[in-house]
Amino acid sequence: MTLLPNGEDDDRPKLATRLSNALFGAETPKSWDPDEVLPVGQRRPVMRSIDAMEIKWSKAALALTVALAIFLPIYAKTELHSAKDKAVSTTSDAVLLAGLSLVFAILGLIGLRLRRRTIVAFSFFIIGLSFTYTYGLLALPFLVVGGWLMLRAYRIQKYGTPNARTIAKQGAVRTTRAERKAANSGAAPAKKPVVHKPATANKRYTPKAPPRKKVPKAAE
C-alpha cells in the first residue's frame with residue numbers, strides 16, 4: 001500500500017495482481033476446508049470447478065510450459081547436441097513441440113478463467129504426451145498435475161471431499177458403526193445344514209383286495 005500526494009492511502013491493486021486477474025480471472029475461489037464433506041447433491045458442480053490450491057498449481061504448470069516452449073528451440077540450436085544429433089534435425093521438432101505446447105497452454109489458460117477442471121486437466125495431459133516424443137522426463141510434471149486434478153475430482157464425486165485424511169476418517173467411522181451394529185444385534189446362531197435321507201422303499205404291507213363275487217342272473 002502506498003501513499004498518495006494528498007496523504008491518502010492508495011488501495012489500487014499492484015501491477016502483478018492486475019495482470020493475474022486479467023489472465024486468470026479476478027474471482028478466486030476459496031480453499032478447501034479439510035473437514036468439509038459435501039452432500040451428494042452438491043458434489044457435481046464442485047467437481048467440475050477448481051479451488052484455490054488447484055489454480056495455484058495449474059498456474060505453475062502453465063508457466064513451466066511457456067518457459068519450456070521458449071527454451072527448447074534455443075537449446076536445439078546450440079552446440080549442446082552431439083554430432084549424431086546434428087545429423088538429424090532437432091530444431092524443427094523443437095519448434096513444433098514449442099508451438100503445440102503454447103496452443104494447449106492457451107487452452108489451459110481459458111480453462112482456468114472459466115474454472116473448468118476438465119479443460120485444464122486435458123491441456124496438461126496433451127502437453128505431457130507431446131513431450132514424451134523427444135523429452136520424456138519433461139512430460140512427468142504435466143502428467144502428474146493432470147492426473148492429480150482428475151484424482152481430486154473422483155474423490156469429490158465419491159466421498160464429498162478431496163482430502164485423503166478426511167476420507168480415511170470416514171472409512172474408520174463406517175467400520176466402527178458396522179462393528180457396533182453387529183455387537184448390538186448379536187451374532188445370529190448358525191443354522192445346521194439340513195441333511196436329506198435317501199429315498200427308500202416303503203416296507204408297510206398292504207393286503208391285496210379280495211376278488212369280486214359274481215352275482216347270478218335271475219331266472220326268467
# chains A, B, ... in the order shown; residues from 1 in each chain; ligands from 1

$ closest_atom_pairs --of "region 44-122 of chain A" --to "region 139-151 of chain A" --cutoff "12 Å" --atoms "only C-alpha atoms" --output "CSV"
residue,atom,partner,partner_atom,distance
A:Met47,CA,A:Met150,CA,9.2
A:Arg48,CA,A:Met150,CA,9.8
A:Ser49,CA,A:Leu149,CA,10.3
A:Ile50,CA,A:Leu149,CA,8.5
A:Asp51,CA,A:Leu149,CA,10.3
A:Met53,CA,A:Leu149,CA,10.5
A:Glu54,CA,A:Leu149,CA,7.3
A:Ile55,CA,A:Leu149,CA,10.1
A:Lys56,CA,A:Val145,CA,11.1
A:Trp57,CA,A:Val145,CA,7.6
A:Ser58,CA,A:Val145,CA,7.4
A:Lys59,CA,A:Val145,CA,10.7
A:Ala60,CA,A:Val145,CA,9.9
A:Ala61,CA,A:Phe142,CA,6.7
A:Leu62,CA,A:Phe142,CA,9.0
A:Ala63,CA,A:Phe142,CA,11.3
A:Leu64,CA,A:Phe142,CA,9.2
A:Thr65,CA,A:Phe142,CA,8.6
A:Leu68,CA,A:Ala139,CA,11.0
A:Leu97,CA,A:Ala139,CA,11.8
A:Ser101,CA,A:Phe142,CA,11.0
A:Phe104,CA,A:Phe142,CA,11.6
A:Ala105,CA,A:Phe142,CA,11.0
A:Gly108,CA,A:Gly146,CA,10.8
A:Arg116,CA,A:Leu149,CA,10.8
A:Arg117,CA,A:Leu149,CA,7.1
A:Thr118,CA,A:Met150,CA,7.9
A:Ile119,CA,A:Gly146,CA,10.0
A:Val120,CA,A:Gly146,CA,7.6
A:Ala121,CA,A:Gly146,CA,4.4
A:Phe122,CA,A:Gly146,CA,7.0

$ select_by_dssp --residues "region 49-177 of chain A" --states "helix (DSSP H, G or I)" --output "number ranges by chain"
A: 52-77, 83-87, 91-114, 117-131, 137-159, 164-177

$ closest_residue --among "A:Ala209, A:Phe125, A:Leu107, A:Glu36" --to "Arg165 (chain A)" --atoms "only C-alpha atoms"
A:Glu36

$ atom_distance --atom1 "CA of Gln157 (chain A)" --atom2 "CA of Arg44 (chain A)"
6.6 Å

$ atom_distance --atom1 "CA of Tyr75 (chain A)" --atom2 "CA of Thr134 (chain A)"
13.1 Å

$ atom_distance --atom1 "CA of Asp33 (chain A)" --atom2 "CA of Thr161 (chain A)"
8.8 Å

$ residues_around --residues "Gly99 (chain A)" --least-positions-apart "6" --cutoff "12 Å" --atoms "only C-alpha atoms" --output "ChimeraX atom specification"
/A:65-66,68-73,92-93,105-106,127,130-131

$ decode --residues "region 108-132 of chain A" --atoms "N, CA, C and O atoms" --output "mmCIF file, in the first residue's frame"
data_model
loop_
_atom_site.group_PDB
_atom_site.id
_atom_site.type_symbol
_atom_site.label_atom_id
_atom_site.label_comp_id
_atom_site.auth_asym_id
_atom_site.auth_seq_id
_atom_site.Cartn_x
_atom_site.Cartn_y
_atom_site.Cartn_z
ATOM 1 N N GLY A 108 -5.415 -24.274 -21.685
ATOM 2 C CA GLY A 108 -5.447 -24.400 -20.236
ATOM 3 C C GLY A 108 -5.730 -23.081 -19.542
ATOM 4 O O GLY A 108 -6.413 -23.036 -18.513
ATOM 5 N N LEU A 109 -5.219 -21.985 -20.099
ATOM 6 C CA LEU A 109 -5.497 -20.659 -19.544
ATOM 7 C C LEU A 109 -6.981 -20.326 -19.647
ATOM 8 O O LEU A 109 -7.578 -19.767 -18.714
ATOM 9 N N ILE A 110 -7.580 -20.680 -20.778
ATOM 10 C CA ILE A 110 -9.023 -20.472 -20.928
ATOM 11 C C ILE A 110 -9.789 -21.307 -19.903
ATOM 12 O O ILE A 110 -10.778 -20.846 -19.302
ATOM 13 N N GLY A 111 -9.338 -22.549 -19.694
ATOM 14 C CA GLY A 111 -9.979 -23.385 -18.683
ATOM 15 C C GLY A 111 -9.863 -22.808 -17.281
ATOM 16 O O GLY A 111 -10.795 -22.916 -16.476
ATOM 17 N N LEU A 112 -8.728 -22.172 -16.986
ATOM 18 C CA LEU A 112 -8.578 -21.528 -15.676
ATOM 19 C C LEU A 112 -9.526 -20.346 -15.524
ATOM 20 O O LEU A 112 -10.108 -20.139 -14.454
ATOM 21 N N ARG A 113 -9.663 -19.558 -16.560
ATOM 22 C CA ARG A 113 -10.585 -18.411 -16.483
ATOM 23 C C ARG A 113 -12.020 -18.871 -16.314
ATOM 24 O O ARG A 113 -12.812 -18.248 -15.601
ATOM 25 N N LEU A 114 -12.379 -19.971 -16.996
ATOM 26 C CA LEU A 114 -13.736 -20.494 -16.892
ATOM 27 C C LEU A 114 -13.937 -21.375 -15.667
ATOM 28 O O LEU A 114 -15.067 -21.797 -15.397
ATOM 29 N N ARG A 115 -12.829 -21.683 -14.963
ATOM 30 C CA ARG A 115 -12.874 -22.564 -13.798
ATOM 31 C C ARG A 115 -13.435 -23.938 -14.186
ATOM 32 O O ARG A 115 -14.293 -24.492 -13.502
ATOM 33 N N ARG A 116 -12.899 -24.490 -15.276
ATOM 34 C CA ARG A 116 -13.332 -25.796 -15.754
ATOM 35 C C ARG A 116 -12.190 -26.795 -15.580
ATOM 36 O O ARG A 116 -11.161 -26.702 -16.237
ATOM 37 N N ARG A 117 -12.381 -27.730 -14.693
ATOM 38 C CA ARG A 117 -11.348 -28.709 -14.362
ATOM 39 C C ARG A 117 -10.996 -29.589 -15.560
ATOM 40 O O ARG A 117 -9.836 -29.897 -15.803
ATOM 41 N N THR A 118 -12.016 -30.009 -16.308
ATOM 42 C CA THR A 118 -11.776 -30.942 -17.415
ATOM 43 C C THR A 118 -10.882 -30.323 -18.473
ATOM 44 O O THR A 118 -9.980 -30.980 -19.011
ATOM 45 N N ILE A 119 -11.112 -29.046 -18.804
ATOM 46 C CA ILE A 119 -10.309 -28.383 -19.837
ATOM 47 C C ILE A 119 -8.857 -28.257 -19.381
ATOM 48 O O ILE A 119 -7.918 -28.517 -20.152
ATOM 49 N N VAL A 120 -8.645 -27.880 -18.134
ATOM 50 C CA VAL A 120 -7.288 -27.713 -17.614
ATOM 51 C C VAL A 120 -6.552 -29.053 -17.581
ATOM 52 O O VAL A 120 -5.396 -29.167 -18.026
ATOM 53 N N ALA A 121 -7.207 -30.078 -17.074
ATOM 54 C CA ALA A 121 -6.561 -31.398 -16.997
ATOM 55 C C ALA A 121 -6.266 -31.946 -18.393
ATOM 56 O O ALA A 121 -5.199 -32.530 -18.630
ATOM 57 N N PHE A 122 -7.197 -31.765 -19.327
ATOM 58 C CA PHE A 122 -6.974 -32.238 -20.699
ATOM 59 C C PHE A 122 -5.777 -31.529 -21.331
ATOM 60 O O PHE A 122 -4.960 -32.169 -22.025
ATOM 61 N N SER A 123 -5.627 -30.241 -21.094
ATOM 62 C CA SER A 123 -4.490 -29.497 -21.644
ATOM 63 C C SER A 123 -3.172 -30.035 -21.114
ATOM 64 O O SER A 123 -2.216 -30.237 -21.882
ATOM 65 N N PHE A 124 -3.117 -30.320 -19.835
ATOM 66 C CA PHE A 124 -1.877 -30.831 -19.261
ATOM 67 C C PHE A 124 -1.558 -32.236 -19.765
ATOM 68 O O PHE A 124 -0.391 -32.580 -19.970
ATOM 69 N N PHE A 125 -2.577 -33.043 -19.961
ATOM 70 C CA PHE A 125 -2.340 -34.387 -20.493
ATOM 71 C C PHE A 125 -1.760 -34.318 -21.907
ATOM 72 O O PHE A 125 -0.810 -35.048 -22.238
ATOM 73 N N ILE A 126 -2.307 -33.448 -22.750
ATOM 74 C CA ILE A 126 -1.814 -33.335 -24.126
ATOM 75 C C ILE A 126 -0.394 -32.769 -24.135
ATOM 76 O O ILE A 126 0.472 -33.222 -24.901
ATOM 77 N N ILE A 127 -0.126 -31.779 -23.301
ATOM 78 C CA ILE A 127 1.227 -31.210 -23.220
ATOM 79 C C ILE A 127 2.214 -32.282 -22.769
ATOM 80 O O ILE A 127 3.312 -32.421 -23.321
ATOM 81 N N GLY A 128 1.837 -33.042 -21.748
ATOM 82 C CA GLY A 128 2.729 -34.100 -21.274
ATOM 83 C C GLY A 128 2.971 -35.174 -22.321
ATOM 84 O O GLY A 128 4.108 -35.624 -22.508
ATOM 85 N N LEU A 129 1.916 -35.589 -23.021
ATOM 86 C CA LEU A 129 2.087 -36.600 -24.059
ATOM 87 C C LEU A 129 2.937 -36.093 -25.223
ATOM 88 O O LEU A 129 3.681 -36.855 -25.840
ATOM 89 N N SER A 130 2.843 -34.805 -25.525
ATOM 90 C CA SER A 130 3.671 -34.259 -26.606
ATOM 91 C C SER A 130 5.154 -34.237 -26.228
ATOM 92 O O SER A 130 6.018 -34.438 -27.089
ATOM 93 N N PHE A 131 5.450 -34.051 -24.949
ATOM 94 C CA PHE A 131 6.849 -34.046 -24.517
ATOM 95 C C PHE A 131 7.445 -35.444 -24.478
ATOM 96 O O PHE A 131 8.675 -35.596 -24.510
ATOM 97 N N THR A 132 6.606 -36.472 -24.382
ATOM 98 C CA THR A 132 7.140 -37.833 -24.336
ATOM 99 C C THR A 132 7.787 -38.247 -25.655
ATOM 100 O O THR A 132 8.548 -39.218 -25.690
#
